[in-house]
$ cat run_13.txt   # compact mmCIF, C-alpha atoms and all ligand atoms
# COMPACT_ATOMS: atom_id res chain seq x y z
CA MET A 1 0.00 0.00 0.00
CA LEU A 2 2.57 2.55 1.15
CA THR A 3 4.82 2.24 -1.84
CA SER A 4 1.95 1.87 -4.32
CA LYS A 5 1.88 4.39 -7.15
CA LEU A 6 0.81 7.93 -6.24
CA ALA A 7 -2.65 8.88 -7.44
CA LEU A 8 -0.98 11.96 -8.93
CA ASN A 9 0.90 9.59 -11.24
CA GLY A 10 -2.09 7.44 -12.13
CA GLY A 11 -2.27 5.19 -9.07
CA SER A 12 -5.38 4.47 -7.05
CA PRO A 13 -6.29 7.15 -4.44
CA VAL A 14 -6.36 6.34 -0.72
CA ILE A 15 -9.71 8.08 -0.13
CA LYS A 16 -12.29 6.96 -2.65
CA VAL A 17 -15.47 8.25 -1.03
CA LYS A 18 -15.86 11.85 0.19
CA PHE A 19 -16.39 12.15 3.95
CA PRO A 20 -19.99 13.12 4.73
CA ARG A 21 -20.68 16.68 5.89
CA TYR A 22 -21.66 16.66 9.45
CA ASN A 23 -25.02 18.19 10.49
CA SER A 24 -25.01 19.91 13.86
CA ILE A 25 -28.69 20.81 13.62
CA GLY A 26 -30.96 18.23 15.23
CA LYS A 27 -34.35 17.62 16.77
CA GLU A 28 -33.75 20.16 19.56
CA GLU A 29 -33.28 23.01 17.07
CA LEU A 30 -36.31 21.87 15.07
CA ILE A 31 -38.55 21.93 18.16
CA ALA A 32 -37.20 25.31 19.30
CA ALA A 33 -37.61 26.93 15.87
CA THR A 34 -41.10 25.45 15.45
CA ALA A 35 -42.23 26.93 18.77
CA VAL A 36 -41.15 30.39 17.63
CA ILE A 37 -42.95 30.01 14.31
CA GLU A 38 -46.10 28.87 16.10
CA SER A 39 -45.94 31.93 18.36
CA GLY A 40 -46.01 34.20 15.29
CA VAL A 41 -43.42 36.51 16.87
CA LEU A 42 -40.38 36.08 14.62
CA SER A 43 -38.74 39.25 15.93
CA LYS A 44 -39.70 41.67 18.63
CA PHE A 45 -37.05 44.36 18.10
CA ILE A 46 -38.17 47.91 17.57
CA GLY A 47 -35.87 50.82 16.72
CA ALA A 48 -37.24 53.12 19.42
CA TRP A 49 -36.45 53.64 23.10
CA ASN A 50 -38.93 51.30 24.79
CA SER A 51 -38.96 47.85 26.34
CA ASP A 52 -38.71 46.10 22.94
CA PHE A 53 -35.54 47.99 22.00
CA TYR A 54 -33.47 45.05 23.31
CA GLY A 55 -35.32 42.40 21.31
CA GLY A 56 -37.67 39.51 21.97
CA SER A 57 -37.64 36.83 24.65
CA LYS A 58 -35.51 34.32 22.70
CA VAL A 59 -32.89 36.94 21.83
CA GLN A 60 -32.67 37.95 25.46
CA GLU A 61 -32.63 34.38 26.74
CA PHE A 62 -29.82 33.50 24.30
CA GLU A 63 -27.82 36.54 25.41
CA ARG A 64 -28.20 35.67 29.12
CA ASN A 65 -27.14 32.07 28.35
CA CYS A 66 -24.06 33.32 26.49
CA GLU A 67 -23.16 35.57 29.43
CA GLN A 68 -23.34 32.57 31.71
CA TYR A 69 -21.41 30.25 29.40
CA PHE A 70 -18.58 32.67 28.59
CA ASN A 71 -18.58 34.15 32.11
CA VAL A 72 -18.94 37.78 30.95
CA ARG A 73 -21.12 40.68 32.05
CA ASN A 74 -22.65 41.33 28.61
CA ALA A 75 -23.48 39.31 25.52
CA VAL A 76 -25.06 41.11 22.55
CA THR A 77 -26.44 39.10 19.65
CA VAL A 78 -26.21 40.35 16.06
CA ASN A 79 -27.21 39.08 12.62
CA SER A 80 -23.61 38.20 11.68
CA TRP A 81 -20.16 38.48 13.17
CA THR A 82 -19.32 40.96 10.41
CA SER A 83 -22.05 43.16 11.94
CA GLY A 84 -20.58 42.39 15.35
CA LEU A 85 -17.14 43.64 14.33
CA ILE A 86 -18.67 46.88 13.00
CA CYS A 87 -20.52 47.35 16.33
CA ALA A 88 -17.32 46.68 18.29
CA VAL A 89 -15.16 49.19 16.39
CA GLY A 90 -17.91 51.82 16.56
CA ALA A 91 -18.49 51.28 20.28
CA LEU A 92 -14.82 52.07 21.00
CA GLU A 93 -15.55 55.59 19.68
CA ILE A 94 -12.97 55.26 16.94
CA GLU A 95 -12.52 58.48 14.93
CA PRO A 96 -11.95 58.84 11.16
CA GLY A 97 -8.25 58.50 10.43
CA ASP A 98 -7.50 56.53 13.61
CA GLU A 99 -5.30 53.51 12.98
CA ILE A 100 -6.24 50.01 14.09
CA ILE A 101 -3.71 47.18 13.95
CA VAL A 102 -5.14 43.99 12.49
CA SER A 103 -3.96 40.55 11.43
CA PRO A 104 -3.62 39.79 7.71
CA TRP A 105 -4.58 36.16 8.38
CA THR A 106 -8.30 36.41 8.79
CA MET A 107 -11.56 36.80 6.94
CA SER A 108 -11.85 40.12 5.11
CA ALA A 109 -14.57 41.51 7.42
CA THR A 110 -12.09 41.83 10.29
CA ALA A 111 -10.25 44.51 8.34
CA THR A 112 -13.22 46.12 6.59
CA SER A 113 -15.01 46.68 9.92
CA ILE A 114 -12.31 49.32 10.50
CA LEU A 115 -12.95 51.02 7.15
CA HIS A 116 -16.67 51.18 7.94
CA TRP A 117 -15.82 53.91 10.49
CA ASN A 118 -13.37 55.60 8.07
CA ALA A 119 -10.48 54.44 10.21
CA ILE A 120 -7.31 52.95 8.74
CA PRO A 121 -6.35 49.26 8.98
CA VAL A 122 -2.65 48.67 9.64
CA PHE A 123 -1.51 45.09 9.10
CA ALA A 124 1.01 43.66 11.53
CA ASP A 125 2.65 40.29 10.87
CA ILE A 126 1.61 36.97 12.40
CA GLU A 127 3.86 34.56 14.27
CA ASP A 128 4.16 31.05 12.91
CA ILE A 129 3.23 29.18 16.10
CA THR A 130 -0.32 30.32 16.88
CA TYR A 131 -0.78 32.10 13.50
CA GLY A 132 -2.09 35.06 15.52
CA LEU A 133 -0.66 38.58 15.61
CA ASP A 134 3.03 38.73 16.50
CA PRO A 135 3.43 41.00 19.57
CA VAL A 136 6.81 42.23 18.26
CA SER A 137 5.29 43.26 14.95
CA ILE A 138 2.34 44.92 16.71
CA GLU A 139 4.71 47.11 18.69
CA LYS A 140 6.65 48.05 15.54
CA ASN A 141 3.45 49.18 13.86
CA ILE A 142 2.18 51.42 16.66
CA THR A 143 2.14 55.13 15.84
CA GLN A 144 0.70 58.18 17.59
CA TYR A 145 -2.48 57.50 15.59
CA THR A 146 -3.00 53.90 16.74
CA LYS A 147 -6.15 53.44 18.85
CA ALA A 148 -6.86 49.71 18.90
CA ILE A 149 -5.76 46.19 17.99
CA ILE A 150 -8.01 43.56 16.44
CA SER A 151 -6.54 40.19 17.32
CA VAL A 152 -7.76 37.07 15.50
CA ASP A 153 -7.78 33.54 16.93
CA ILE A 154 -7.33 31.96 13.56
CA PHE A 155 -7.96 28.19 13.18
CA GLY A 156 -9.17 27.98 16.80
CA HIS A 157 -6.13 28.72 18.97
CA SER A 158 -5.97 32.00 20.82
CA ALA A 159 -3.38 34.57 19.79
CA LYS A 160 -0.80 35.53 22.45
CA MET A 161 -3.32 37.58 24.43
CA THR A 162 -1.18 38.10 27.53
CA GLU A 163 1.50 39.89 25.48
CA ILE A 164 -1.05 41.65 23.27
CA CYS A 165 -2.97 43.02 26.28
CA LYS A 166 0.29 44.10 27.91
CA ILE A 167 1.24 46.11 24.80
CA ALA A 168 -2.29 47.56 24.65
CA LYS A 169 -2.01 48.72 28.23
CA LYS A 170 1.44 50.24 27.68
CA TYR A 171 0.24 52.32 24.69
CA ASN A 172 -3.32 52.88 25.92
CA LEU A 173 -4.95 50.90 23.10
CA LYS A 174 -8.20 48.93 23.08
CA VAL A 175 -8.31 45.25 22.08
CA ILE A 176 -11.01 43.51 20.06
CA SER A 177 -10.78 39.72 19.73
CA ASP A 178 -12.15 38.09 16.60
CA CYS A 179 -12.96 34.63 17.95
CA ALA A 180 -15.14 33.50 15.05
CA GLN A 181 -13.06 30.32 14.91
CA SER A 182 -12.41 29.81 18.61
CA PRO A 183 -15.70 29.75 20.57
CA GLY A 184 -15.15 27.86 23.80
CA ALA A 185 -11.35 27.75 23.43
CA ILE A 186 -9.49 28.47 26.65
CA TYR A 187 -6.56 30.86 27.05
CA ASN A 188 -4.90 30.96 30.47
CA ASN A 189 -8.04 29.57 32.08
CA SER A 190 -10.36 32.19 30.51
CA PHE A 191 -12.55 31.89 27.45
CA ALA A 192 -11.20 33.25 24.18
CA GLY A 193 -13.02 36.51 23.50
CA THR A 194 -13.14 37.61 27.14
CA LEU A 195 -9.53 38.77 27.58
CA GLY A 196 -9.58 42.04 25.62
CA ASP A 197 -12.12 44.86 25.72
CA ILE A 198 -14.61 43.28 23.32
CA GLY A 199 -14.70 39.83 21.74
CA GLY A 200 -17.10 37.75 19.79
CA PHE A 201 -18.09 34.80 17.69
CA SER A 202 -19.68 34.02 14.34
CA LEU A 203 -22.76 31.84 14.06
CA ASN A 204 -22.62 31.35 10.29
CA TYR A 205 -23.16 27.90 8.79
CA HIS A 206 -19.43 27.13 8.63
CA LYS A 207 -18.64 27.72 12.29
CA HIS A 208 -18.61 25.45 15.38
CA ILE A 209 -22.17 26.32 16.35
CA HIS A 210 -24.48 28.08 13.94
CA THR A 211 -27.86 29.68 13.44
CA GLY A 212 -27.56 29.93 9.64
CA GLU A 213 -26.25 33.47 10.05
CA GLY A 214 -25.55 35.28 13.29
CA GLY A 215 -23.00 36.54 15.77
CA ILE A 216 -22.42 37.17 19.47
CA LEU A 217 -20.47 40.03 21.02
CA VAL A 218 -19.09 39.67 24.55
CA THR A 219 -17.69 42.35 26.85
CA ASN A 220 -17.24 43.04 30.54
CA ASN A 221 -17.62 46.78 29.83
CA ASP A 222 -21.25 47.89 30.27
CA GLU A 223 -20.76 51.12 28.34
CA TYR A 224 -19.38 49.35 25.26
CA ALA A 225 -22.22 46.84 25.50
CA GLU A 226 -24.85 49.58 25.49
CA ARG A 227 -23.23 51.36 22.54
CA MET A 228 -23.11 48.06 20.63
CA ARG A 229 -26.83 47.52 21.34
CA LEU A 230 -27.45 51.02 19.99
CA ILE A 231 -25.41 50.51 16.81
CA ARG A 232 -27.25 47.20 16.35
CA ASN A 233 -30.61 48.92 16.39
CA HIS A 234 -30.88 52.34 14.72
CA ALA A 235 -28.83 54.27 17.28
CA GLU A 236 -29.49 57.64 15.65
CA ALA A 237 -33.24 57.33 16.27
CA VAL A 238 -32.91 56.13 19.85
CA VAL A 239 -29.91 57.76 21.48
CA GLY A 240 -31.63 61.10 22.07
CA ASP A 241 -34.20 59.51 24.36
CA MET A 242 -31.62 57.61 26.38
CA PRO A 243 -29.97 58.91 29.52
CA ASN A 244 -26.24 59.76 29.49
CA ASN A 245 -25.37 58.73 25.98
CA ARG A 246 -22.89 60.37 23.65
CA LEU A 247 -23.55 60.86 19.93
CA ILE A 248 -20.15 59.57 18.77
CA ASN A 249 -20.60 56.76 16.21
CA MET A 250 -24.29 56.57 17.04
CA LEU A 251 -25.07 56.02 13.40
CA GLY A 252 -27.01 52.83 13.71
CA TYR A 253 -27.77 49.86 11.54
CA ASN A 254 -30.24 47.04 11.62
CA PHE A 255 -28.00 44.21 12.84
CA ARG A 256 -30.73 42.51 14.87
CA MET A 257 -30.98 38.75 15.30
CA GLY A 258 -34.39 37.13 14.74
CA GLU A 259 -36.21 35.00 17.31
CA ILE A 260 -35.87 31.80 15.25
CA GLU A 261 -32.08 32.17 15.07
CA ALA A 262 -31.90 32.96 18.78
CA ALA A 263 -34.02 29.89 19.64
CA ILE A 264 -31.67 27.76 17.52
CA GLY A 265 -28.67 29.45 19.12
CA ILE A 266 -29.88 28.51 22.60
CA GLU A 267 -29.86 24.83 21.58
CA GLN A 268 -26.55 25.08 19.73
CA LEU A 269 -24.79 26.65 22.72
CA LYS A 270 -25.79 23.63 24.82
CA LYS A 271 -23.94 21.43 22.32
CA LEU A 272 -20.76 23.52 22.05
CA ASN A 273 -18.83 21.59 24.69
CA SER A 274 -19.50 18.24 23.07
CA PHE A 275 -18.62 19.59 19.59
CA LEU A 276 -15.33 20.92 20.94
CA LYS A 277 -14.55 17.65 22.69
CA SER A 278 -15.08 15.62 19.53
CA ARG A 279 -12.83 17.97 17.46
CA GLN A 280 -10.16 17.96 20.15
CA SER A 281 -10.07 14.18 20.37
CA ALA A 282 -10.03 13.87 16.56
CA ALA A 283 -7.14 16.35 16.38
CA LYS A 284 -5.26 14.53 19.14
CA TYR A 285 -5.55 11.26 17.26
CA LEU A 286 -4.50 12.89 13.98
CA THR A 287 -1.47 14.42 15.71
CA GLU A 288 -0.50 11.00 17.07
CA LYS A 289 -0.70 9.55 13.57
CA LEU A 290 1.19 12.40 11.84
CA SER A 291 3.88 13.06 14.43
CA ILE A 292 6.10 10.34 12.95
CA ILE A 293 6.27 12.19 9.62
CA PRO A 294 9.45 14.22 8.99
CA GLY A 295 9.36 17.83 7.78
CA LEU A 296 5.81 18.42 8.92
CA LYS A 297 5.02 20.92 11.71
CA LEU A 298 1.77 20.11 13.51
CA PRO A 299 -0.58 22.40 15.50
CA TYR A 300 0.71 23.83 18.72
CA VAL A 301 -1.31 24.18 21.91
CA GLU A 302 0.04 26.58 24.52
CA LYS A 303 0.11 25.73 28.23
CA ASN A 304 -3.21 26.43 30.03
CA CYS A 305 -4.91 26.73 26.62
CA THR A 306 -7.21 24.62 24.50
CA HIS A 307 -7.55 24.62 20.71
CA ALA A 308 -11.02 24.73 19.17
CA TYR A 309 -9.70 23.18 15.91
CA TYR A 310 -11.76 25.09 13.41
CA ALA A 311 -8.96 23.85 11.19
CA TYR A 312 -5.87 21.72 11.68
CA PRO A 313 -2.94 23.92 10.58
CA MET A 314 0.39 22.49 9.42
CA GLN A 315 3.65 23.63 7.88
CA ILE A 316 5.88 21.82 5.45
CA ASP A 317 9.64 22.16 5.65
CA CYS A 318 10.42 22.05 1.94
CA LYS A 319 14.16 22.31 2.58
CA ILE A 320 14.19 19.07 4.59
CA LEU A 321 11.84 17.32 2.17
CA GLY A 322 13.29 18.60 -1.11
CA VAL A 323 9.76 18.99 -2.50
CA THR A 324 7.72 22.15 -2.85
CA ARG A 325 4.62 22.61 -0.72
CA ASP A 326 2.43 22.88 -3.79
CA LYS A 327 3.74 19.61 -5.24
CA LEU A 328 3.08 17.84 -1.93
CA HIS A 329 -0.33 19.43 -1.74
CA SER A 330 -1.25 18.28 -5.25
CA ALA A 331 -0.15 14.74 -4.37
CA LEU A 332 -2.27 14.75 -1.17
CA VAL A 333 -5.30 16.15 -3.00
CA ALA A 334 -4.90 13.46 -5.69
CA GLU A 335 -5.08 10.85 -2.89
CA GLY A 336 -8.56 12.19 -2.12
CA LEU A 337 -7.62 14.37 0.85
CA ASN A 338 -9.55 17.60 1.37
CA ILE A 339 -6.60 19.80 2.29
CA SER A 340 -5.95 23.47 1.60
CA ASN A 341 -2.56 24.95 0.70
CA ARG A 342 -3.35 28.54 1.49
CA TYR A 343 -4.89 30.93 3.83
CA GLN A 344 -5.34 34.55 2.82
CA ASN A 345 -3.27 37.64 3.22
CA ILE A 346 -5.96 40.27 3.49
CA HIS A 347 -3.53 43.15 2.88
CA LEU A 348 -3.03 41.86 -0.66
CA LEU A 349 -6.72 42.13 -1.61
CA PRO A 350 -7.39 44.56 -4.50
CA LEU A 351 -9.25 46.84 -2.06
CA PHE A 352 -6.03 47.52 -0.15
CA GLN A 353 -3.66 47.32 -3.11
CA ASN A 354 -5.65 50.04 -4.88
CA LYS A 355 -6.93 51.84 -1.78
CA ILE A 356 -10.37 52.02 -3.34
CA ALA A 357 -13.14 51.67 -0.74
CA TYR A 358 -15.66 54.52 -0.56
CA GLY A 359 -16.11 55.96 -4.04
CA SER A 360 -13.27 56.15 -6.55
CA LYS A 361 -10.95 58.74 -5.03
CA GLY A 362 -9.11 56.89 -2.28
CA PHE A 363 -11.30 57.73 0.72
CA PRO A 364 -10.64 57.32 3.65
CA TRP A 365 -6.87 56.98 3.07
CA ASN A 366 -6.67 60.45 1.53
CA SER A 367 -9.12 62.21 3.83
CA GLU A 368 -8.04 65.24 5.83
CA PHE A 369 -8.32 63.12 9.00
CA THR A 370 -5.78 60.55 7.81
CA LYS A 371 -2.40 61.88 8.81
CA ARG A 372 -0.02 59.23 7.54
CA GLU A 373 0.46 57.06 4.47
CA VAL A 374 0.01 53.37 5.36
CA SER A 375 1.65 50.71 3.17
CA TYR A 376 -0.05 47.51 2.05
CA GLN A 377 2.83 46.42 -0.20
CA LYS A 378 3.86 42.80 -0.42
CA GLY A 379 6.66 42.38 2.13
CA ILE A 380 5.02 44.16 5.08
CA CYS A 381 4.04 40.80 6.65
CA PRO A 382 6.96 38.49 5.81
CA THR A 383 5.91 35.53 8.00
CA ALA A 384 2.31 35.57 6.79
CA GLU A 385 3.49 35.83 3.20
CA TYR A 386 6.15 33.11 3.52
CA LEU A 387 3.65 30.67 5.04
CA GLN A 388 1.15 31.45 2.30
CA ASP A 389 3.62 31.12 -0.55
CA ASN A 390 5.74 28.21 0.67
CA SER A 391 4.81 26.13 3.64
CA PHE A 392 1.26 26.32 4.98
CA MET A 393 -1.44 23.64 4.67
CA SER A 394 -4.60 22.97 6.67
CA ILE A 395 -7.39 20.48 7.01
CA GLY A 396 -10.84 21.87 7.86
CA MET A 397 -12.25 20.20 10.97
CA CYS A 398 -15.49 22.08 11.42
CA PHE A 399 -17.43 20.55 8.55
CA THR A 400 -17.00 16.89 9.32
CA GLU A 401 -17.13 14.93 12.52
CA MET A 402 -14.07 12.82 11.91
CA SER A 403 -14.24 9.20 12.92
CA LYS A 404 -11.13 7.21 13.78
CA SER A 405 -11.35 5.35 10.48
CA GLU A 406 -11.52 8.64 8.56
CA ILE A 407 -8.46 9.93 10.40
CA ASP A 408 -6.68 6.66 9.63
CA LEU A 409 -7.36 7.34 5.94
CA ILE A 410 -6.11 10.94 6.23
CA ALA A 411 -2.89 9.69 7.83
CA GLU A 412 -2.61 7.01 5.15
CA CYS A 413 -2.54 9.76 2.47
CA PHE A 414 0.42 11.39 4.22
CA TYR A 415 2.25 8.06 4.72
CA LYS A 416 1.82 7.16 1.07
CA VAL A 417 2.93 10.55 -0.29
CA TRP A 418 5.93 10.63 2.05
CA ALA A 419 6.91 7.10 0.99
CA ASN A 420 6.99 8.34 -2.60
CA LEU A 421 8.72 11.69 -2.16
CA ASP A 422 11.32 10.74 -4.76
CA ASP A 423 8.59 10.70 -7.41
CA LEU A 424 7.80 14.34 -6.55
CA ARG A 425 11.37 15.67 -6.51
C1 LIG A 501 -16.43 33.71 9.78
C2 LIG A 501 -15.49 34.76 10.16
C3 LIG A 501 -15.87 36.12 10.19
C4 LIG A 501 -17.18 36.62 9.70
O1 LIG A 501 -18.28 36.06 10.34
P1 LIG A 501 -19.76 36.17 9.69
O2 LIG A 501 -20.67 35.68 10.78
O3 LIG A 501 -19.76 35.29 8.49
O4 LIG A 501 -20.01 37.58 9.34
C5 LIG A 501 -14.92 37.03 10.65
N1 LIG A 501 -13.71 36.65 11.05
C6 LIG A 501 -13.31 35.37 11.02
C7 LIG A 501 -11.94 35.01 11.49
C8 LIG A 501 -14.19 34.38 10.56
O5 LIG A 501 -13.78 33.11 10.50
$ encode --input "run_13.txt" --output "structure tokens"
Amino acid sequence: MLTSKLALNGGSPVIKVKFPRYNSIGKEELIAATAVIESGVLSKFIGAWNSDFYGGSKVQEFERNCEQYFNVRNAVTVNSWTSGLICAVGALEIEPGDEIIVSPWTMSATATSILHWNAIPVFADIEDITYGLDPVSIEKNITQYTKAIISVDIFGHSAKMTEICKIAKKYNLKVISDCAQSPGAIYNNSFAGTLGDIGGFSLNYHKHIHTGEGGILVTNNDEYAERMRLIRNHAEAVVGDMPNNRLINMLGYNFRMGEIEAAIGIEQLKKLNSFLKSRQSAAKYLTEKLSIIPGLKLPYVEKNCTHAYYAYPMQIDCKILGVTRDKLHSALVAEGLNISNRYQNIHLLPLFQNKIAYGSKGFPWNSEFTKREVSYQKGICPTAEYLQDNSFMSIGMCFTEMSKSEIDLIAECFYKVWANLDDLR
């Protein structure tokens, strides 16, 4: 088997049948959603200052449950985590032209949430252990205009939050944690998302727990929470009737979650621990199987931390192996393995390369509030770019519930390709 001909060269692939997509939605969600439909109240939000301003009973129940689960003072639901990021940046009272340091290894919305407030994203590099923001690079990118950091727990392991929060404190910056891929992950005995000023999670179909679309913001700061609730629900029409509120960034949206999604969210949250457990034990078994392979760096889990394994990240040492990452990747894909050979460097998107966002004239980079030219050239994030171009691979773990026999097959693909490296050189 091991020395049999690579599928890339016409041999028979190891994996012949695609693994089934796993469905996290069950009877509990069906019953909960049905009850909401039968009630006829699919949303109770109203964009005016009265008792329905904070949403219906399911929305509020889901928020209280999230507060309890994540051990935070405030949870605020939204209709997507993209909306959540926009609320978070706005709630920090960011001004046009302010700079916010952000990771290039993330989903585009992390960076565009900054542009939504006419502030300027500054990309710092990642470190190649957690794939989160590199504290050294953060510090290098701080200027007199920097106001906040958006840290991303990419693939499910928390970024180095102790160091990041220390830097934030030193320079008086706020920290937002994008934990879309790390709900329930632990960092130094706290939940990911609860270590900075504001954190949160995505509830889209591709994430650990989902409501179709949705998001949850978490914060221990009551003032930020209230401003996020305002931005969620037509702030401009409400803020005047509220006691003690400032007008800054009180340009609201409709980012409200419906009652059906909230009812589903309540059931999904109950299942989060068991979903995490199954991914963690699958990843542990996969690591056992792959640790004997040379030139392959496996996921790292820091002390007093847990990994949520949204994905299983790896790095190839092409110098040791004498084969390029892309050649190895093609060989693994040919064996039937669903493995990716890239992530994304957001700073290289056409939006940033051309600095075209609002209209055609370069706003907000050329506005009178923007005091400094920020570079998005290739080369500003060398580690992120090297990993992308040469060494990174990952296996998605959120879409399938991997059985032992499936993991055996995944490992078999690696064993077979590594036994035939000469054919790829
Ligand atoms: C999924 C994701 C988002 C966006 O979440 P939505 O709920 O789809 O808006 C943002 N950041 C990261 C890291 C994500 O994985």
$ residues_near_ligand --input "run_13.txt" --ligand "ligand LIG 501 (chain A)" --cutoff "10 Å" --atoms "all atoms listed in the file" --output "PyMOL selection string"
chain A and resi 78-85+103+105-111+113+151-156+177-182+200-207+210-216+310
$ residues_around --input "run_13.txt" --residues "range 250-266 of chain A" --least-positions-apart "5" --cutoff "9 Å" --atoms "all atoms listed in the file" --output "ChimeraX atom specification"
/A:25,28-30,32-37,41-45,47,55-63,65-66,77-80,83-84,87,90-91,203,209-215,227,230-237,239
$ atom_distance --input "run_13.txt" --atom1 "CA of Leu217 in chain A" --atom2 "CA of Gln68 in chain A"
13.3 Å
$ residues_around --input "run_13.txt" --residues "Val17 in chain A" --least-positions-apart "3" --cutoff "12 Å" --atoms "all atoms listed in the file" --output "list in words"
Pro13, Val14, Pro20, Glu335, Gly336, Leu337, Asn338, Glu406 and Leu409 of chain A
$ residues_around --input "run_13.txt" --residues "Asp134 in chain A" --least-positions-apart "6" --cutoff "7 Å" --atoms "all atoms listed in the file" --output "PyMOL selection string"
chain A and resi 125-127
$ write_last_selection --input "run_13.txt" --atoms "C-alpha atoms" --output "compact mmCIF listing (two decimals), in the coordinates of the input"
# COMPACT_ATOMS: atom_id res chain seq x y z
CA ASP A 125 2.65 40.29 10.87
CA ILE A 126 1.61 36.97 12.40
CA GLU A 127 3.86 34.56 14.27
$ closest_residue --input "run_13.txt" --among "A:Phe19, A:Tyr285, A:Tyr358, A:Phe392" --to "Asn341 in chain A" --atoms "all atoms listed in the file"
A:Phe392
$ closest_residue --input "run_13.txt" --among "A:Phe191, A:Tyr22, A:Tyr343, A:Tyr312" --to "Ala384 in chain A" --atoms "all atoms listed in the file"
A:Tyr343
$ closest_residue --input "run_13.txt" --among "A:Thr287, A:Thr400, A:Ser137, A:Asn9" --to "Pro382 in chain A" --atoms "all atoms listed in the file"
A:Ser137
$ atom_distance --input "run_13.txt" --atom1 "CA of Glu163 in chain A" --atom2 "CA of Lys140 in chain A"
13.9 Å
$ residues_around --input "run_13.txt" --residues "Pro313 in chain A" --least-positions-apart "4" --cutoff "12 Å" --atoms "only C-alpha atoms" --output "number ranges by chain"
A: 128-131, 154-157, 283, 286-287, 296-301, 307-309, 339-343, 387-388, 391-397
$ closest_atom_pairs --input "run_13.txt" --of "range 3-99 of chain A" --to "range 120-123 of chain A" --cutoff "10 Å" --atoms "all atoms listed in the file" --output "tab-separated table"
residue	atom	partner	partner_atom	distance
A:Glu95	CA	A:Ile120	CA	9.8
A:Pro96	CA	A:Ile120	CA	7.9
A:Gly97	CA	A:Ile120	CA	5.9
A:Asp98	CA	A:Ile120	CA	6.0
A:Glu99	CA	A:Ile120	CA	4.7
$ closest_residue --input "run_13.txt" --among "A:Leu115, A:Ile101, A:Ile86, A:Ala124" --to "Ala148 in chain A" --atoms "only C-alpha atoms"
A:Ile101
$ atom_distance --input "run_13.txt" --atom1 "CA of Ser405 in chain A" --atom2 "CA of Met314 in chain A"
20.8 Å
